[in-house]
file model.txt (compact mmCIF, C-alpha atoms)
# COMPACT_ATOMS: atom_id res chain seq x y z
CA MET A 1 12.30 -6.79 50.59
CA SER A 2 12.43 -9.74 48.23
CA PRO A 3 8.89 -10.33 47.00
CA SER A 4 7.44 -13.78 46.87
CA GLU A 5 5.02 -14.86 44.18
CA SER A 6 2.10 -14.28 46.52
CA ASP A 7 3.35 -10.78 47.26
CA LEU A 8 3.54 -10.19 43.54
CA ARG A 9 0.00 -11.48 43.01
CA ALA A 10 -1.32 -9.31 45.80
CA ALA A 11 0.50 -6.28 44.43
CA LEU A 12 -0.88 -6.86 40.96
CA ARG A 13 -4.43 -7.23 42.27
CA ALA A 14 -4.30 -4.11 44.38
CA GLY A 15 -6.62 -1.46 43.03
CA GLU A 16 -8.65 -3.69 40.75
CA GLY A 17 -12.41 -3.41 40.67
CA ASP A 18 -13.14 -0.50 38.34
CA ALA A 19 -15.89 -1.77 36.09
CA LEU A 20 -16.21 -0.93 32.43
CA ASP A 21 -19.39 0.60 31.08
CA PRO A 22 -20.54 -1.96 28.49
CA GLU A 23 -22.62 0.60 26.61
CA SER A 24 -19.72 2.97 26.06
CA VAL A 25 -17.49 0.07 24.99
CA LEU A 26 -20.17 -1.14 22.60
CA SER A 27 -20.84 2.27 21.08
CA ALA A 28 -17.11 2.89 20.59
CA ALA A 29 -16.75 -0.52 18.95
CA ARG A 30 -19.72 0.17 16.66
CA ALA A 31 -18.26 3.52 15.67
CA ALA A 32 -14.91 1.88 14.92
CA ARG A 33 -16.62 -0.77 12.84
CA HIS A 34 -18.49 1.89 10.88
CA GLN A 35 -15.29 3.82 10.23
CA ARG A 36 -13.55 0.66 9.13
CA ARG A 37 -16.34 -0.14 6.68
CA VAL A 38 -16.23 3.39 5.29
CA ARG A 39 -12.47 3.11 4.87
CA ILE A 40 -12.74 -0.24 3.11
CA ALA A 41 -15.52 1.06 0.86
CA SER A 42 -13.47 4.17 0.02
CA ALA A 43 -10.39 2.12 -0.74
CA THR A 44 -12.39 -0.29 -2.88
CA GLY A 45 -14.03 2.61 -4.69
CA ALA A 46 -10.66 4.22 -5.32
CA VAL A 47 -9.28 0.97 -6.72
CA VAL A 48 -12.29 0.59 -9.00
CA VAL A 49 -12.01 4.19 -10.21
CA VAL A 50 -8.28 3.87 -10.86
CA ALA A 51 -8.83 0.58 -12.67
CA ALA A 52 -11.60 2.11 -14.75
CA ILE A 53 -9.47 5.13 -15.64
CA GLY A 54 -6.51 2.88 -16.45
CA GLY A 55 -8.66 0.63 -18.59
CA GLY A 56 -10.20 3.58 -20.36
CA LEU A 57 -6.80 5.07 -21.14
CA GLY A 58 -5.59 1.70 -22.37
CA VAL A 59 -8.52 1.44 -24.75
CA ALA A 60 -8.00 5.03 -25.90
CA ASP A 61 -4.32 4.32 -26.44
CA LEU A 62 -4.95 1.20 -28.45
CA ARG A 63 -7.67 2.59 -30.60
CA PRO A 64 -5.63 4.71 -33.04
CA SER A 65 -3.13 2.02 -33.97
CA GLY A 66 -5.37 -1.02 -33.48
CA ASN A 67 -8.40 0.23 -35.35
CA PRO A 68 -7.59 3.49 -37.07
CA THR A 69 -10.76 3.66 -39.09
CA ALA A 70 -12.78 3.69 -35.86
CA GLY A 71 -11.42 7.14 -35.10
CA GLY A 72 -10.04 7.36 -31.55
CA PRO A 73 -10.29 10.36 -29.27
CA SER A 74 -7.16 11.89 -30.77
CA ALA A 75 -8.10 11.18 -34.34
CA SER A 76 -9.88 13.56 -36.62
CA ASN A 77 -10.65 13.45 -40.28
CA SER A 78 -10.62 16.55 -42.40
CA PRO A 79 -9.46 17.39 -45.86
CA SER A 80 -5.89 18.64 -46.05
CA PRO A 81 -5.00 21.79 -47.98
CA SER A 82 -3.89 19.58 -50.83
CA GLY A 83 -7.18 17.74 -50.85
CA SER A 84 -5.85 14.49 -49.41
CA GLN A 85 -7.18 12.65 -46.37
CA ARG A 86 -5.57 13.80 -43.12
CA MET A 87 -5.74 11.95 -39.84
CA LEU A 88 -4.09 12.59 -36.50
CA TYR A 89 -2.56 9.88 -34.38
CA GLY A 90 -0.71 9.79 -31.06
CA SER A 91 -0.83 11.92 -27.96
CA ARG A 92 -0.61 15.68 -28.28
CA GLY A 93 2.97 16.88 -28.70
CA SER A 94 4.40 20.29 -27.87
CA ALA A 95 2.50 23.34 -29.05
CA PRO A 96 5.26 24.56 -31.43
CA ALA A 97 5.41 21.12 -33.01
CA GLN A 98 1.64 21.10 -33.37
CA ASP A 99 1.66 24.49 -35.04
CA ALA A 100 4.55 23.60 -37.33
CA VAL A 101 3.17 20.27 -38.45
CA SER A 102 -0.21 21.80 -39.19
CA THR A 103 1.38 24.13 -41.77
CA LEU A 104 3.06 21.31 -43.71
CA THR A 105 1.59 20.29 -47.03
CA CYS A 106 2.38 17.27 -49.11
CA PRO A 107 3.99 17.90 -52.50
CA ALA A 108 2.02 16.64 -55.47
CA THR A 109 4.71 14.10 -56.28
CA PRO A 110 7.41 12.62 -54.06
CA PRO A 111 10.79 14.31 -54.42
CA THR A 112 13.60 12.37 -56.02
CA TYR A 113 17.09 12.65 -54.52
CA ALA A 114 20.36 12.01 -56.29
CA VAL A 115 22.25 10.47 -53.39
CA PRO A 116 26.05 11.01 -53.50
CA GLY A 117 27.84 7.79 -54.33
CA GLY A 118 24.59 6.05 -54.94
CA GLY A 119 24.14 5.67 -51.19
CA GLY A 120 25.02 2.02 -51.28
CA THR A 121 28.40 2.04 -49.61
CA GLY A 122 27.80 4.02 -46.46
CA GLN A 123 30.12 6.76 -47.73
CA PHE A 124 29.47 10.50 -47.86
CA ASP A 125 27.57 10.48 -44.58
CA GLY A 126 25.29 7.80 -45.95
CA SER A 127 25.03 6.22 -42.49
CA ALA A 128 24.29 9.50 -40.71
CA ALA A 129 20.94 10.01 -39.02
CA LEU A 130 18.00 10.58 -41.30
CA PHE A 131 16.54 13.02 -38.78
CA ASP A 132 19.15 15.25 -37.17
CA GLN A 133 16.92 16.13 -34.21
CA PRO A 134 14.42 14.18 -32.14
CA VAL A 135 11.11 14.08 -33.95
CA ALA A 136 8.06 15.47 -32.11
CA ALA A 137 5.54 15.18 -34.92
CA MET A 138 5.47 14.39 -38.58
CA LYS A 139 3.21 14.47 -41.55
CA VAL A 140 3.48 11.31 -43.61
CA CYS A 141 2.58 11.75 -47.27
CA ILE A 142 1.74 8.48 -48.96
CA TYR A 143 1.91 8.19 -52.73
CA PRO A 144 0.29 5.22 -54.44
CA SER A 145 2.06 4.03 -57.57
CA ALA A 146 -1.13 3.92 -59.64
CA ALA A 147 -1.26 6.72 -62.16
CA GLY A 148 -3.60 9.51 -61.22
CA ALA A 149 -4.07 8.34 -57.63
CA HIS A 150 -4.17 11.14 -55.10
CA PRO A 151 -1.63 11.19 -52.28
CA ARG A 152 -2.91 10.64 -48.80
CA SER A 153 -1.43 11.92 -45.58
CA VAL A 154 -1.45 11.14 -41.90
CA VAL A 155 -0.12 13.22 -39.02
CA LEU A 156 1.79 11.31 -36.34
CA ARG A 157 2.59 12.82 -32.99
CA GLY A 158 4.60 11.94 -29.91
CA ALA A 159 5.58 8.30 -29.55
CA ASP A 160 4.02 7.32 -32.86
CA ALA A 161 6.13 9.87 -34.74
CA GLN A 162 9.25 8.92 -32.79
CA GLY A 163 8.62 5.23 -33.44
CA VAL A 164 8.45 5.73 -37.20
CA ALA A 165 11.54 7.97 -37.18
CA THR A 166 13.47 5.42 -35.15
CA SER A 167 12.45 2.58 -37.44
CA LEU A 168 13.72 4.56 -40.43
CA ASP A 169 17.04 5.36 -38.75
CA GLU A 170 17.53 1.76 -37.63
CA ALA A 171 17.02 0.32 -41.09
CA PRO A 172 20.16 -1.18 -42.76
CA THR A 173 22.61 1.36 -44.17
CA SER A 174 23.63 -0.92 -47.01
CA LEU A 175 22.10 -3.45 -49.35
CA ARG A 176 25.31 -5.47 -49.35
CA GLY A 177 24.69 -9.14 -48.60
CA ARG A 178 20.95 -8.66 -48.52
CA MET A 179 18.92 -11.19 -50.45
CA CYS A 180 15.86 -9.78 -52.22
CA PRO A 181 14.40 -12.53 -54.39
CA ASP A 182 12.14 -11.39 -57.15
CA LEU A 183 9.38 -13.53 -55.67
CA MET A 184 9.10 -11.10 -52.75
CA PRO A 185 6.30 -8.63 -53.36
CA GLN A 186 7.66 -5.27 -54.31
CA ASN A 187 6.36 -2.15 -52.69
CA GLN A 188 3.78 -0.10 -54.50
CA LEU A 189 3.96 2.97 -52.25
CA THR A 190 6.29 5.88 -51.65
CA PHE A 191 6.34 7.77 -48.37
CA GLU A 192 7.46 11.31 -47.72
CA PHE A 193 8.11 12.13 -44.05
CA LEU A 194 7.84 15.81 -43.17
CA ALA A 195 9.03 15.95 -39.58
CA VAL A 196 9.29 18.73 -37.03
CA SER A 197 11.18 18.96 -33.74
CA ALA A 198 9.63 19.77 -30.37
CA ALA A 199 10.59 23.41 -30.93
CA GLY A 200 8.64 23.40 -34.17
CA GLU A 201 11.72 23.38 -36.39
CA LYS A 202 11.20 21.64 -39.73
CA LEU A 203 13.64 18.80 -40.33
CA ARG A 204 14.94 17.61 -43.67
CA PRO A 205 12.23 15.64 -45.47
CA VAL A 206 12.83 11.93 -45.87
CA THR A 207 11.56 9.93 -48.83
CA ALA A 208 11.13 6.24 -48.31
CA GLU A 209 10.22 3.25 -50.42
CA PRO A 210 9.46 0.34 -48.16
CA GLY A 211 10.35 -3.20 -49.05
CA CYS A 212 13.47 -5.26 -49.47
CA ARG A 213 15.08 -3.13 -52.15
CA GLY A 214 13.42 0.07 -51.05
CA ARG A 215 15.57 3.09 -50.25
CA SER A 216 14.96 5.79 -47.65
CA THR A 217 16.94 9.01 -47.80
CA ASN A 218 16.98 12.66 -46.88
CA GLY A 219 19.40 13.43 -49.73
CA THR A 220 22.48 12.51 -47.73
CA ALA A 221 21.81 9.70 -45.29
CA VAL A 222 20.51 6.49 -46.80
CA ARG A 223 18.74 3.43 -45.43
CA PHE A 224 17.45 0.32 -47.12
CA SER A 225 14.74 -2.27 -46.69
CA TRP A 226 12.69 -0.15 -44.30
CA SER A 227 9.30 -1.32 -43.21
CA PRO A 228 6.94 0.55 -40.88
CA PRO A 229 6.92 -0.47 -37.21
CA ALA A 230 4.29 -3.09 -36.48
CA SER A 231 2.24 -0.67 -34.38
CA MET A 232 2.00 1.79 -37.28
CA SER A 233 1.79 -0.51 -40.28
CA ASP A 234 -2.00 -0.63 -40.04
CA VAL A 235 -2.26 3.14 -39.72
CA LEU A 236 -0.02 3.81 -42.69
CA GLY A 237 -1.50 0.98 -44.73
CA ALA A 238 -5.09 1.99 -43.96
CA THR A 239 -4.33 5.57 -44.83
CA ALA A 240 -2.71 4.50 -48.05
CA THR A 241 -5.73 2.54 -49.20
CA HIS A 242 -8.14 5.43 -48.67
CA MET B 1 -23.50 -8.96 12.57
CA ALA B 2 -22.17 -9.12 16.09
CA ASP B 3 -24.43 -10.40 18.84
CA ASP B 4 -24.49 -7.19 20.84
CA ALA B 5 -26.28 -8.66 23.87
CA ALA B 6 -23.71 -11.42 24.25
CA PHE B 7 -20.87 -8.97 23.78
CA ARG B 8 -22.38 -6.65 26.37
CA ALA B 9 -22.62 -9.55 28.82
CA PHE B 10 -19.02 -10.45 28.16
CA VAL B 11 -17.88 -6.91 28.91
CA GLU B 12 -19.92 -6.85 32.12
CA ALA B 13 -18.38 -10.12 33.24
CA ASN B 14 -14.76 -9.56 32.24
CA GLY B 15 -14.38 -5.82 31.69
CA ALA B 16 -13.01 -5.04 35.12
CA THR B 17 -10.33 -7.74 34.94
CA LEU B 18 -9.30 -6.74 31.45
CA LEU B 19 -9.20 -3.07 32.41
CA HIS B 20 -6.96 -3.75 35.37
CA ALA B 21 -4.68 -5.93 33.26
CA ALA B 22 -4.50 -3.14 30.71
CA ARG B 23 -3.49 -0.65 33.41
CA LEU B 24 -0.78 -3.03 34.60
CA LEU B 25 0.46 -3.50 31.06
CA THR B 26 0.64 0.22 30.31
CA GLY B 27 1.45 1.46 33.81
CA ASP B 28 -1.03 4.25 33.25
CA HIS B 29 -4.67 4.62 34.20
CA HIS B 30 -5.89 6.37 31.04
CA ARG B 31 -3.71 4.50 28.59
CA GLY B 32 -5.03 1.34 30.16
CA GLU B 33 -8.58 2.43 29.36
CA ASP B 34 -7.59 3.16 25.77
CA LEU B 35 -5.87 -0.20 25.52
CA VAL B 36 -8.81 -2.21 26.79
CA GLN B 37 -11.12 -0.36 24.42
CA THR B 38 -8.80 -1.24 21.53
CA ALA B 39 -8.73 -4.89 22.54
CA LEU B 40 -12.50 -5.08 23.03
CA THR B 41 -13.10 -3.39 19.69
CA ARG B 42 -10.94 -5.99 17.98
CA LEU B 43 -12.92 -8.67 19.77
CA TYR B 44 -16.18 -7.04 18.67
CA PHE B 45 -15.07 -7.18 15.02
CA LYS B 46 -14.48 -10.94 15.33
CA TRP B 47 -17.23 -11.71 17.85
CA ASP B 48 -19.16 -14.04 15.55
CA ARG B 49 -16.08 -16.04 14.67
CA VAL B 50 -14.31 -16.27 18.04
CA ASP B 51 -14.89 -19.46 20.03
CA ALA B 52 -13.12 -18.36 23.21
CA PRO B 53 -13.62 -14.63 23.72
CA LEU B 54 -11.60 -14.19 26.90
CA PRO B 55 -8.35 -15.70 25.56
CA TYR B 56 -8.87 -13.69 22.36
CA ALA B 57 -9.38 -10.49 24.37
CA ARG B 58 -6.27 -11.19 26.46
CA LYS B 59 -4.24 -11.82 23.32
CA ALA B 60 -5.56 -8.64 21.73
CA LEU B 61 -4.71 -6.76 24.91
CA VAL B 62 -1.08 -7.86 25.17
CA THR B 63 -0.54 -7.52 21.42
CA ALA B 64 -1.88 -3.97 21.44
CA ALA B 65 0.21 -3.16 24.52
CA ILE B 66 3.42 -4.46 22.92
CA ASP B 67 2.60 -2.74 19.62
CA SER B 68 1.85 0.59 21.29
CA SER B 69 5.12 0.41 23.23
CA ARG B 70 6.96 0.30 19.90
CA ARG B 71 5.41 3.56 18.78
CA LYS B 72 6.97 6.80 19.88
CA TRP B 73 3.71 8.71 19.89
CA ARG B 74 1.40 7.35 22.51
CA GLY B 75 -1.77 9.10 21.51
CA GLU B 76 -1.57 11.98 24.00
CA ARG B 77 -3.80 14.88 23.15
CA PRO B 78 -3.59 18.43 24.49
CA VAL B 79 -6.18 19.35 27.11
CA GLU B 80 -7.22 22.74 28.40
CA GLU B 81 -6.72 21.81 32.05
CA LEU B 82 -3.90 19.69 33.34
CA PRO B 83 -5.06 16.54 35.14
CA ASP B 84 -4.71 16.49 38.89
CA ILE B 85 -1.99 13.92 39.50
CA ARG B 86 -1.04 13.07 43.03
CA GLY B 87 2.56 13.78 43.84
CA GLU B 88 4.84 11.58 45.87
CA ASP B 89 4.67 13.86 48.90
CA GLU B 90 0.88 13.83 49.05
CA ALA B 91 0.72 10.09 48.61
CA GLY B 92 2.78 9.47 51.67
CA PRO B 93 5.25 6.67 51.97
CA ALA B 94 4.83 4.13 49.22
CA ASP B 95 4.06 0.67 50.42
CA ASP B 96 5.55 -2.47 48.99
CA ARG B 97 2.65 -3.04 46.61
CA ASP B 98 3.05 0.36 45.00
CA GLN B 99 6.73 -0.23 44.78
CA LEU B 100 6.23 -3.52 42.94
CA ARG B 101 3.85 -1.84 40.52
CA ARG B 102 6.44 0.83 39.78
CA LEU B 103 9.12 -1.81 39.27
CA LEU B 104 6.78 -3.58 36.87
CA ALA B 105 6.76 -0.48 34.71
CA ASP B 106 10.53 -0.75 34.35
CA LEU B 107 10.32 -4.16 32.71
CA SER B 108 10.23 -4.57 28.95
CA PRO B 109 6.73 -4.77 27.44
CA LYS B 110 7.03 -8.51 26.82
CA GLU B 111 8.38 -9.21 30.31
CA ARG B 112 5.54 -7.16 31.75
CA ALA B 113 3.03 -9.08 29.66
CA VAL B 114 4.45 -12.40 30.91
CA ILE B 115 4.23 -11.26 34.55
CA VAL B 116 0.68 -9.93 34.16
CA LEU B 117 -0.55 -13.07 32.41
CA ARG B 118 1.17 -15.46 34.80
CA TYR B 119 0.56 -13.70 38.14
CA TYR B 120 -2.48 -11.52 37.55
CA ALA B 121 -4.50 -13.57 35.04
CA ASP B 122 -3.15 -16.78 36.62
CA LEU B 123 -2.47 -18.42 33.27
CA SER B 124 -0.25 -21.45 33.01
CA GLU B 125 3.05 -21.21 31.21
CA GLN B 126 1.49 -22.98 28.23
CA ASP B 127 -1.45 -20.58 28.07
CA THR B 128 0.84 -17.60 28.52
CA ALA B 129 3.00 -18.88 25.68
CA ALA B 130 -0.06 -19.37 23.48
CA THR B 131 -1.37 -15.90 24.29
CA LEU B 132 1.94 -14.25 23.52
CA GLY B 133 2.68 -16.49 20.54
CA MET B 134 6.05 -17.56 21.87
CA PRO B 135 7.57 -20.89 22.95
CA VAL B 136 7.01 -22.09 26.50
CA GLY B 137 10.76 -22.06 27.11
CA THR B 138 10.89 -18.40 26.20
CA VAL B 139 8.05 -17.67 28.60
CA LYS B 140 9.91 -19.51 31.37
CA SER B 141 13.17 -17.70 30.81
CA MET B 142 11.46 -14.34 30.38
CA CYS B 143 9.43 -14.85 33.54
CA SER B 144 12.50 -15.90 35.52
CA ARG B 145 14.44 -12.88 34.29
CA ALA B 146 11.57 -10.51 35.06
CA LEU B 147 11.14 -11.89 38.57
CA ALA B 148 14.85 -11.54 39.20
CA ARG B 149 14.74 -7.91 38.09
CA LEU B 150 11.75 -7.27 40.33
CA ARG B 151 13.54 -8.84 43.28
CA VAL B 152 16.71 -6.89 42.66
CA GLY B 153 14.73 -3.68 42.29
CA ALA B 154 12.69 -4.35 45.41
CA THR B 155 15.78 -5.23 47.44
CA ALA B 156 17.58 -2.10 46.28
CA ALA B 157 14.55 0.05 47.06
CA GLY B 158 14.18 -1.59 50.48
CA GLY B 159 17.84 -0.96 51.26
CA ALA B 160 17.54 2.67 50.24
CA ARG B 161 14.62 3.30 52.61
call {"tool": "encode", "arguments": {"input": "model.txt", "output": "C-alpha cells"}}
result
Amino acid sequence: MSPSESDLRAALRAGEGDALDPESVLSAARAARHQRRVRIASATGAVVVVAAIGGGLGVADLRPSGNPTAGGPSASNSPSPSGSQRMLYGSRGSAPAQDAVSTLTCPATPPTYAVPGGGGTGQFDGSAALFDQPVAAMKVCIYPSAAGAHPRSVVLRGADAQGVATSLDEAPTSLRGRMCPDLMPQNQLTFEFLAVSAAGEKLRPVTAEPGCRGRSTNGTAVRFSWSPPASMSDVLGATATH
Amino acid sequence: MADDAAFRAFVEANGATLLHAARLLTGDHHRGEDLVQTALTRLYFKWDRVDAPLPYARKALVTAAIDSSRRKWRGERPVEELPDIRGEDEAGPADDRDQLRRLLADLSPKERAVIVLRYYADLSEQDTAATLGMPVGTVKSMCSRALARLRVGATAAGGAR
C-alpha cells in the first residue's frame, strides 16, 4: 500500500476522543507551580545567605588591617609577658606555630648584628633568604627610638605573617645606586621579627630598620630600604604608636 | 494569578486533541498523557501572558516531545504489577491505519512532529514552521522526506503480507 494524504489523516485520527479531566490537569499544574515557587524561593534564599556570609567574611577579613584599633574577630589585646601591648592579626595558623609564637618574648632592646663584609656587597650569603623556611606566624617587636619608650609587639599569623616575611626578603640586597636624599624622613623605629614555621620551629630573628637607608638582617642575609607591605603598614604603625 | 476557569474551559475544549497529538508524538499512551500534562502545565504558568493558548500549547507539546526524545531516561517508574499490554496475536491482523501509526514511530522526533502538525492538527506549512521554530523550507523538505519514508515502509509492509 502507498498511503495517500487522506489515508494518513485518517490513520492519525483513528483512536482519538479520550478526553482529559480538566480538574486533574489543573491540580497537577497548581502543584507544579507551587513546587517551582518553592524552588525559586529556596534558590534565592541560598544566594542571599551565601552573599551575606561572603560579605561578613569580607568585612571580618578587612577589619584587622583596615582598622586595627577596632579589634576584629581575630584580634585580642592583652599585656605580653614583657609588659608591652600584644595584638593578634590574621587567620589562625597551625597549632604548633600558634604554640611556638605564644612563647616568644621581645628582648628589651633590639639586637645588633655585625654583618660580615658590612652586608653591602651581596657577599657572604648576604643575598640569601632572611627566613630559611616558610613563615607561619611571627611576633613583631617594635622599638621606638625615643629614650625610655617601651617596645610594643604584634603577632601576625598566616597570610599577614607571610606577607611581611616576603616583603623583607624581596627588599633590595644592596644600597648601590640607591639615592637616599637627606630630605627624606628617616625612620624612627626598629623592628625585630621573631618568626616560626608551620611546625613550630623558631627561625632566625630578623632585625629591620625601615626607610631608604634602613638595613634588615638576620646576621647573615641583608636587605635594604625595606618598608612594610601596604596592607600591614597601618597595623605596624598603629601598634608602634601605642 | 492564572484564570483557572478560563484554563479549565480551554482544557475541556482542546484537551482531547492535544492528548491524541501527544500520543502520536510519543507513540505511547501513557507517555502521551505525561507529555500533554507537561505542555498544559507550561501553558498554565504563562496563562495570563499568552494571547493564543492553542498555538502555545502545541508548541509546548512538540518542544517537550523533542526534548524528551533526547533524554535517555524516559521517566519510567517501577510498578508492582505489569500493565496488561495486548500482544500482536491477540490484536489480530493489523490494519493499514495501525501500520501507519507504527511507521510514524520510526520517524525522527522532528519528522514526526511535522507530520502530526501538518496532517493531524491540519496546520499550514507556515504555521508548522512557526510552531517548530524552523524555516518553511525545512518543514517542506522534512515533510517530504517523512512521507517518502512512510510510503516506503508501508509498501514494504504490504509486500511482506
call {"tool": "interface_residues", "arguments": {"input": "model.txt", "of": "chain B", "to": "chain A", "cutoff": "10 Å", "atoms": "only C-alpha atoms", "output": "PyMOL selection string"}}
result
chain B and resi 2+4-5+7-21+23-24+33+36-45+95-101+104+115-116+118-122+147-148+150-159
call {"tool": "write_last_selection", "arguments": {"input": "model.txt", "atoms": "C-alpha atoms", "output": "compact mmCIF listing (two decimals), keeping the file's coordinate frame"}}
result
# COMPACT_ATOMS: atom_id res chain seq x y z
CA ALA B 2 -22.17 -9.12 16.09
CA ASP B 4 -24.49 -7.19 20.84
CA ALA B 5 -26.28 -8.66 23.87
CA PHE B 7 -20.87 -8.97 23.78
CA ARG B 8 -22.38 -6.65 26.37
CA ALA B 9 -22.62 -9.55 28.82
CA PHE B 10 -19.02 -10.45 28.16
CA VAL B 11 -17.88 -6.91 28.91
CA GLU B 12 -19.92 -6.85 32.12
CA ALA B 13 -18.38 -10.12 33.24
CA ASN B 14 -14.76 -9.56 32.24
CA GLY B 15 -14.38 -5.82 31.69
CA ALA B 16 -13.01 -5.04 35.12
CA THR B 17 -10.33 -7.74 34.94
CA LEU B 18 -9.30 -6.74 31.45
CA LEU B 19 -9.20 -3.07 32.41
CA HIS B 20 -6.96 -3.75 35.37
CA ALA B 21 -4.68 -5.93 33.26
CA ARG B 23 -3.49 -0.65 33.41
CA LEU B 24 -0.78 -3.03 34.60
CA GLU B 33 -8.58 2.43 29.36
CA VAL B 36 -8.81 -2.21 26.79
CA GLN B 37 -11.12 -0.36 24.42
CA THR B 38 -8.80 -1.24 21.53
CA ALA B 39 -8.73 -4.89 22.54
CA LEU B 40 -12.50 -5.08 23.03
CA THR B 41 -13.10 -3.39 19.69
CA ARG B 42 -10.94 -5.99 17.98
CA LEU B 43 -12.92 -8.67 19.77
CA TYR B 44 -16.18 -7.04 18.67
CA PHE B 45 -15.07 -7.18 15.02
CA ASP B 95 4.06 0.67 50.42
CA ASP B 96 5.55 -2.47 48.99
CA ARG B 97 2.65 -3.04 46.61
CA ASP B 98 3.05 0.36 45.00
CA GLN B 99 6.73 -0.23 44.78
CA LEU B 100 6.23 -3.52 42.94
CA ARG B 101 3.85 -1.84 40.52
CA LEU B 104 6.78 -3.58 36.87
CA ILE B 115 4.23 -11.26 34.55
CA VAL B 116 0.68 -9.93 34.16
CA ARG B 118 1.17 -15.46 34.80
CA TYR B 119 0.56 -13.70 38.14
CA TYR B 120 -2.48 -11.52 37.55
CA ALA B 121 -4.50 -13.57 35.04
CA ASP B 122 -3.15 -16.78 36.62
CA LEU B 147 11.14 -11.89 38.57
CA ALA B 148 14.85 -11.54 39.20
CA LEU B 150 11.75 -7.27 40.33
CA ARG B 151 13.54 -8.84 43.28
CA VAL B 152 16.71 -6.89 42.66
CA GLY B 153 14.73 -3.68 42.29
CA ALA B 154 12.69 -4.35 45.41
CA THR B 155 15.78 -5.23 47.44
CA ALA B 156 17.58 -2.10 46.28
CA ALA B 157 14.55 0.05 47.06
CA GLY B 158 14.18 -1.59 50.48
CA GLY B 159 17.84 -0.96 51.26
call {"tool": "atom_distance", "arguments": {"input": "model.txt", "atom1": "atom CA of A:Arg223", "atom2": "atom CA of A:Ala165"}}
result
11.9 Å
call {"tool": "residues_around", "arguments": {"input": "model.txt", "residues": "B:Leu117", "least_positions_apart": "5", "cutoff": "12 Å", "atoms": "all atoms listed in the file", "output": "compact mmCIF listing (two decimals) with C-alpha atoms, keeping the file's coordinate frame"}}
result
# COMPACT_ATOMS: atom_id res chain seq x y z
CA ARG A 9 0.00 -11.48 43.01
CA LEU A 12 -0.88 -6.86 40.96
CA THR B 17 -10.33 -7.74 34.94
CA LEU B 18 -9.30 -6.74 31.45
CA HIS B 20 -6.96 -3.75 35.37
CA ALA B 21 -4.68 -5.93 33.26
CA ALA B 22 -4.50 -3.14 30.71
CA LEU B 24 -0.78 -3.03 34.60
CA LEU B 25 0.46 -3.50 31.06
CA PRO B 55 -8.35 -15.70 25.56
CA ARG B 58 -6.27 -11.19 26.46
CA LYS B 59 -4.24 -11.82 23.32
CA LEU B 61 -4.71 -6.76 24.91
CA VAL B 62 -1.08 -7.86 25.17
CA LYS B 110 7.03 -8.51 26.82
CA GLU B 111 8.38 -9.21 30.31
CA ARG B 112 5.54 -7.16 31.75
CA ASP B 122 -3.15 -16.78 36.62
CA LEU B 123 -2.47 -18.42 33.27
CA SER B 124 -0.25 -21.45 33.01
CA GLU B 125 3.05 -21.21 31.21
CA GLN B 126 1.49 -22.98 28.23
CA ASP B 127 -1.45 -20.58 28.07
CA THR B 128 0.84 -17.60 28.52
CA ALA B 129 3.00 -18.88 25.68
CA ALA B 130 -0.06 -19.37 23.48
CA THR B 131 -1.37 -15.90 24.29
CA LEU B 132 1.94 -14.25 23.52
CA VAL B 139 8.05 -17.67 28.60
CA CYS B 143 9.43 -14.85 33.54
call {"tool": "residues_around", "arguments": {"input": "model.txt", "residues": "stretch 206-212 of chain A", "least_positions_apart": "5", "cutoff": "6 Å", "atoms": "all atoms listed in the file", "output": "PyMOL selection string"}}
result
chain A and resi 180+187+190-193+217-218+225-227
call {"tool": "residues_around", "arguments": {"input": "model.txt", "residues": "A:Ala137", "least_positions_apart": "6", "cutoff": "6 Å", "atoms": "all atoms listed in the file", "output": "ChimeraX atom specification"}}
result
/A:156-157,161,195-196
call {"tool": "atom_distance", "arguments": {"input": "model.txt", "atom1": "atom CA of A:Leu130", "atom2": "atom CA of A:Leu203"}}
result
9.4 Å
call {"tool": "residues_near_point", "arguments": {"input": "model.txt", "point": "(16.1, 4.6, -41.3)", "cutoff": "8 Å", "atoms": "all atoms listed in the file", "output": "list in words"}}
result
Ala129, Leu130, Ala165, Thr166, Ser167, Leu168, Asp169, Glu170, Ala171, Pro172, Thr173, Ser216, Thr217, Val222, Arg223, Phe224 and Trp226 of chain A
call {"tool": "write_last_selection", "arguments": {"input": "model.txt", "atoms": "C-alpha atoms", "output": "JSON list (two decimals), keeping the file's coordinate frame"}}
result
[["chain", "number", "residue", "atom", "x", "y", "z"],
["A", 129, "ALA", "CA", 20.94, 10.01, -39.02],
["A", 130, "LEU", "CA", 18.00, 10.58, -41.30],
["A", 165, "ALA", "CA", 11.54, 7.97, -37.18],
["A", 166, "THR", "CA", 13.47, 5.42, -35.15],
["A", 167, "SER", "CA", 12.45, 2.58, -37.44],
["A", 168, "LEU", "CA", 13.72, 4.56, -40.43],
["A", 169, "ASP", "CA", 17.04, 5.36, -38.75],
["A", 170, "GLU", "CA", 17.53, 1.76, -37.63],
["A", 171, "ALA", "CA", 17.02, 0.32, -41.09],
["A", 172, "PRO", "CA", 20.16, -1.18, -42.76],
["A", 173, "THR", "CA", 22.61, 1.36, -44.17],
["A", 216, "SER", "CA", 14.96, 5.79, -47.65],
["A", 217, "THR", "CA", 16.94, 9.01, -47.80],
["A", 222, "VAL", "CA", 20.51, 6.49, -46.80],
["A", 223, "ARG", "CA", 18.74, 3.43, -45.43],
["A", 224, "PHE", "CA", 17.45, 0.32, -47.12],
["A", 226, "TRP", "CA", 12.69, -0.15, -44.30]]
